[in-house]
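A quick write-up on the structure given underneath.
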Amino acid sequence: MSIPRPKGPPGAWFEERFGVTPELLRRVMAQALSRGGEDCDLYFEHSGSTAVRLSDGKVNAANTHVDLGMGVRVVVGDQVGFAYTEELTPDAMLAAAATAAQIAEHGGTRDVAVPVARRIPDRTPVLEPWTDVDMATRVKMVRDWEQRAFARDARIARVDTYLGDAAKVVMVVRPDGRLVEDWRPMTQGFVRAVAVDGDLRESSAYNVAGRAGLEYFDEGRQQRLVDEAIDRTLFLLGAGKPPAGEMPVVLAAGPSAILLHEAIGHGMEADFNRKGTSIYADKLGASIASEHVTIVDDGTIDGSRGAVNVDDEGNDGQHTVLVQDGVLRTYMHDEISAKHYGVDPTGSGRRQSFRHAPLPRMRATVMESGPLDPQEIIASVDKGIFCQTFANGQVQIGAGDFAFYMKTGFLIEDGKLTRPIKDVNIIGNGPQALADIDMVGNDSILDEGGWTCGKDGQSVPVSQGMPTVRVGKLVVGGVG
Amino acid sequence: MSTTLREATADHEGLLDSARKVVALATGLGADECRVRVGRGVSTELSRRDGRIEKAEESRSRAMSVSLMVDGRWSAHSTSDLREGALRAFLTRAIEGTRFLEPDPDRALPPLAEMGSADVDALDAWDDAILGIDQAARRAGCEALEDAVRAAADGLSVRSVTSGLADGYSARAIVTSHGFESTFASTWVSTAAVISLEDAGGRLPEAWYSSTSRHADDALSLAHVAARAVERARDRLGSGPAKSGRYPMLLDQRITGRVLGTALSPLSGELLYEKRSCLDGKLGEKLGSDGFTILDDPLIPRGSGSKPHDGDGIPARRRALFQDGVLETFLIDVYNARRLGTAPTGGSTGNLVVPPGERSPGAILASLPRAIRVDGFLGGNANPTTGDFSFGVHGVLFEHGEPVANVSEMNISGNVLDLLPRFAEAASDVWTLGAWRTPSLLFDDVQFSGS
């Protein structure tokens with residue numbers, strides 16, 4: 001089941017359904033601050049999701065989920081007390097507030113205003129909401145994807161498809177009287193194939209995701225979803241292992257932004273810097289990359305998976321320039337780190353759900369286009385690899401070492417793409433890799449894949465984008 | 001902060017009662033069969049960074065999940081909105097939605113006669129002493145742990161130290177429409193230290209160590225956790241890639257699961273049915289070297305992976321997955337067994353046990369002219385359809401047992417069918433505080449890529 005876009009004024013969703021009145025909000029916040037906390041927030045969430053799955057040629061499984069609750073965070077300087085409840089009764093909420101309050105150790109009260117709603121931007125222009133889409137339509141879509149997939153190639157032995165949609169209403173309330181209510185839709189389509197050719201057997205998948213309604217799955221996107229899944233699977237049948245060791249790596253436009261996310265993005269989340277544990281901790285204002293490198297973290301891209309109307313502390317989503325022409329301009333801030341650095345928050349305070357306190361997180365992390373033709377970049381490499389698609393990545397914030405797992409790519413020999421390669425981990429050190437980006441293409445594009453970022457046990461949806469770039473040297477986990 | 005934990009008990013009867021009510025509601029609304037799980041948990045966490053409390057968190061969660069058969073069709077649902085009216089509306093919609101699907105009779109519940117629980121009391125998963133931990137004790141523990149880390153790190157350039165203590169319990173009941181009922185509850189207590197050091201080139205290598213146990217008296221001492229965290233951080237100083245090549249690889253006792261998992265994930269009934277397993281058709285074959293044995297033992301008292309039955313409600317039992325290199329069983333749940341036309345073997349595992357050998361890790365390293373001890377991973381993935389894997393690693397390069405370089409920014413790559421015959425020796429040091437209960441493991445001639 002999906003949650004419809006609220007029709008009432010901000011605040012009405014939780015007041016009308018769950019009896020969360022402005023006066024009750026004020027009482028809960030007063031309880032949260034009753035031991036001398038400096039600030040607090042209440043984060044309400046009501047979410048719902050629906051998914052249908054096709055397997056064995058049958059649309060034979062469906063899932064629905066509902067989640068409901070409220071998290072309360074009390075802040076004293078950089079100290080945080082946090083508790084949550086899944087019951088929105090006054091007693092349960094007051095008890096959670098009393099628990100979170102105890103991070104502060106002295107008495108005292110702070111005035112708490114009765115909250116007043118504020119209008120917020122809307123970057124989720126849903127035209128055909130999922131609440132108006134019946135099960136029969138969903139069933140027809142996943143079956144259609146399956147039929148398109150089998151029609152592509154006789155070597156396709158098996159196809160699984162999945163269509164999911166979710167939406168949540170969240171409300172953030174602050175003791176200074178701020179109240180925002182936000183509606184956050186999401187949809188995802190998924191196709192996985194198994195291909196068999198003689199003794200060779202391979203499986204791969206593709207998914208697309210965005211903050212949108214049924215209109216997201218226009219003809220072009222549906223065919224691309226199927227084609228990418230099939231192309232990626234068939235590609236593996238003919239692919240081998242790359243050589244092992246250090247070599248130049250050319251990253252294809254789009255999904256290669258996993259490099260940005262791991263090598264640079266996490267290290268620029270301000271909590272690690274505030275604590276002094278990020279390798280970028282002392283680098284504000286310093287030149288950290290070539291002049292062709294400009295990186296933004298952007299919560300304002302309409303309909304993108306990483307878009308946020310407001311972040312989970314109630315601050316507007318923003319277009320934040322992290323690196324401009326090679327110079328580190330700012331970190332990504334939540335309110336705690338913004339206060340620490342004496343700057344405005346960047347709208348980067350995000351959380352997985354009401355069960356978690358917010359942290360500085362990425363939204364859509366994008367490297368802007370540079371001057372070069374992508375073909376020129378490939379042609380510049382004598383012996384290296386070209387990475388096309390990816391599965392996952394990871395970073396060690398302090399040491400700066402990062403890795404990403406390439407699913408498909410090509411060997412580059414004498415400036416040309418030659419042998420197809422697959423399944424290899426690639427590793428490097430973030431600041432070094434950033435400094436080693438020596439060619440930047442003119443073809444930056446936002447990837448439409450459904451990326452999810454994990455940090456401190458919390459997952460949030462993100463987007464990423466990148467032009468074709470060359471990194472002078474990374475360690476490729478091949479053979480030989 | 002918390003006196004509330006003391007009020008808590010597993011309350012099996014309350015959970016069973018809630019689950020029975022959902023079963024009655026769902027069948028009353030038109031479900032032919034259903035399986036309901038109701039769970040509840042409490043956890044309290046305190047962390048301290050560089051001399052001050054950083055975060056105090058308490059969570060009390062509850063959840064209900066249900067799988068339904070309606071006219072031979074299957075679906076699964078969950079909600080945390082347990083108000084009576086909301087639950088009724090939720091189940092009504094779930095049942096209606098299920099009717100739009102195509103039938104899948106293989107999803108039916110297993111026969112009641114095949115279901116059951118191992119002796120829950122013998123699993124000894126509950127420790128009242130953990131419910132008695134209060135915030136003052138956590139606060140004192142965090143402080144003592146930080147002090148112990150700083151003492152152990154004397155002489156090193158410490159950037160930051162974080163210490164954390166956490167504890168809690170979870171309890172759940174499962175009830176099916178055909179009369180199966182099961183309850184299980186467990187406690188846990190955890191201690192963790194993280195240390196960040198200053199290193200050449202502005203690098204700030206970080207290392208952690210932790211202890212998590214079902215019983216308070218099984219926990220590692222704070223001094224032990226602190227010493228190991230510092231030791232691991234020291235092993236990361238000045239690291240970089242060693243030369244590409246083939247090396248003997250000693251996997252540290254705590255991280256063997258990542259590599260052994262490449263041999264276990266292809267055993268899943270789902271992957272076998274979907275023709276996505278590289279071990280399809282290899283049951284009974286000798287795939288590993290003589291000493292290569294992995295046992296699944298879900299019945300170890302206090303074991304973190306111990307449980308009374310598998311996900312289908314089939315009673316837990318001990319079994320060998322690999323015995324002296326031979327693949328002894330697949331992991332096939334009831335649904336995939338029906339799809340495959342075979343008998344279920346249990347789709348999930350409990351504690352994964354590799355029997356220890358004779359020699360310590362140090363003695364093994366001393367016997368080798370050159371070897372890399374792998375202490376941790378960075379990124380990487382494995383393809384269960386082909387068996388190919390590639391993982392980023394860090395660790396220490398040894399020559400004749402002497403550490404000669406800390407290594408990082410390296411990858412190991414290979415194929416599981418090529419790796420298992422290269423298993424050479426299990427060390428004598430078994431890790432017992434996790435679902436992977438293995439000693440350090442030596443593999444010969446593994447492909448490393450580096451400089």
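Following the order of the structure tokens, first chain is A, next is B, and so on, with residues numbered from 1 inside each chain and ligands from 1 in the order they appear.
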
Find the residues around stretch 16-31 of chain A up to 7 Å (only C-alpha atoms counted), leave out those fewer than 5 positions away in its own chain, and share them as a ChimeraX atom specification. /A:88,93-94,97-98,112-115,175

Output C-alpha atoms for every residue in the selection just made, as a short mmCIF file (atom, residue, chain, number, x, y, z; two decimals), in the first residue's frame.
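Wrote it out as out16.cif, contents follow:
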```cif
data_model
loop_
_atom_site.label_atom_id
_atom_site.label_comp_id
_atom_site.auth_asym_id
_atom_site.auth_seq_id
_atom_site.Cartn_x
_atom_site.Cartn_y
_atom_site.Cartn_z
CA LEU A 88 1.93 7.82 18.62
CA MET A 93 5.83 10.01 22.97
CA LEU A 94 6.38 11.69 26.33
CA ALA A 97 11.16 12.37 25.04
CA ALA A 98 12.01 11.80 28.69
CA VAL A 112 8.95 25.88 23.45
CA ALA A 113 6.80 27.55 20.83
CA VAL A 114 3.61 26.01 19.51
CA PRO A 115 4.74 24.96 16.04
CA PRO A 175 11.16 24.01 19.56
#
```

Per-residue DSSP, stretch 65-204 of chain A, filtered to alpha helix (DSSP H), as number ranges by chain: A: 90-101, 135-152

May I ask you to extract the residues of chain A within 6 Å of chain B, using only C-alpha atoms, and to give them as JSON, numbers by chain? {"A": [59, 60, 61, 62, 63, 64, 65, 66, 67, 68, 79, 80, 81, 82, 83, 84, 202, 244, 245, 246, 279, 393, 394, 398, 399, 403, 405, 424, 425, 427, 428, 475, 477]}

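As for atom CA of B:Asp444 and atom CA of B:Trp208, they are spaced 27.8 Å apart.
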
With a distance cut-off of 10 Å and only C-alpha atoms, select the neighbouring residues of stretch 134-148 of chain A, excluding the residue or stretch itself and same-chain residues fewer than 5 positions from it, and output the selection as number ranges by chain. A: 50-60, 62, 153, 158-164, 189-193, 214, 217, 222-223, 225-227, 230; B: 96-102

If I take atom CA of A:His292 and atom CA of A:Ala435, how far is one from the other in Å, to one decimal? 11.0 Å

When DSSP is applied to the backbone of this structure, which of stretch 215-332 of chain A are assigned strand (DSSP E or B)? Write them out as a VMD selection string. chain A and resid 240 243 to 251 269 287 295 to 298 310 316 319 to 324 327 to 328 332

A straight line from atom CA of A:Asp316 to atom CA of A:Pro10 spans 15.3 Å

Give me, as a short mmCIF file (atom, residue, chain, number, x, y, z; two decimals) with C-alpha atoms, in the first residue's frame, all polymer residues having an atom no more than 7 Å from stretch 325-335 of chain B, counting only C-alpha atoms and skipping those fewer than 3 positions away in the same chain.
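Final file, result33.cif:
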```cif
data_model
loop_
_atom_site.label_atom_id
_atom_site.label_comp_id
_atom_site.auth_asym_id
_atom_site.auth_seq_id
_atom_site.Cartn_x
_atom_site.Cartn_y
_atom_site.Cartn_z
CA ASP B 106 4.59 -24.49 -3.70
CA ARG B 107 4.32 -21.66 -1.15
CA PRO B 110 5.19 -27.22 5.50
CA LEU B 267 24.46 -23.68 -1.89
CA SER B 268 21.16 -21.78 -1.59
CA GLY B 269 18.05 -23.53 -2.89
CA LEU B 283 26.80 -32.49 -4.32
CA GLY B 284 29.05 -35.26 -2.98
CA GLU B 285 32.06 -34.08 -4.99
CA LYS B 286 35.40 -33.38 -3.39
CA LEU B 287 35.80 -29.66 -4.01
CA GLY B 288 38.28 -28.74 -1.28
CA SER B 289 41.46 -30.15 0.16
CA ASP B 290 41.39 -32.83 2.89
CA GLY B 291 41.10 -30.65 5.95
CA PHE B 292 38.46 -28.34 4.52
CA THR B 293 35.46 -28.80 6.83
CA ASP B 312 10.40 -22.63 7.78
CA ALA B 320 28.30 -30.93 7.90
CA LEU B 321 28.25 -28.59 4.90
CA PHE B 322 31.76 -29.54 3.77
CA ARG B 338 9.10 -28.14 -3.79
CA ARG B 339 10.12 -26.17 -6.88
CA PRO B 344 14.19 -29.69 1.98
CA THR B 345 17.52 -29.62 3.79
CA GLY B 346 17.04 -26.40 5.75
CA GLY B 347 17.53 -23.11 3.98
CA SER B 348 19.30 -21.23 6.71
#
```

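The environment of A:Arg178 within 7 Å, counting only C-alpha atoms and disregarding residues fewer than 6 places along the same chain, consists of Pro115, Val116, Ala117 and Arg118 of chain A.
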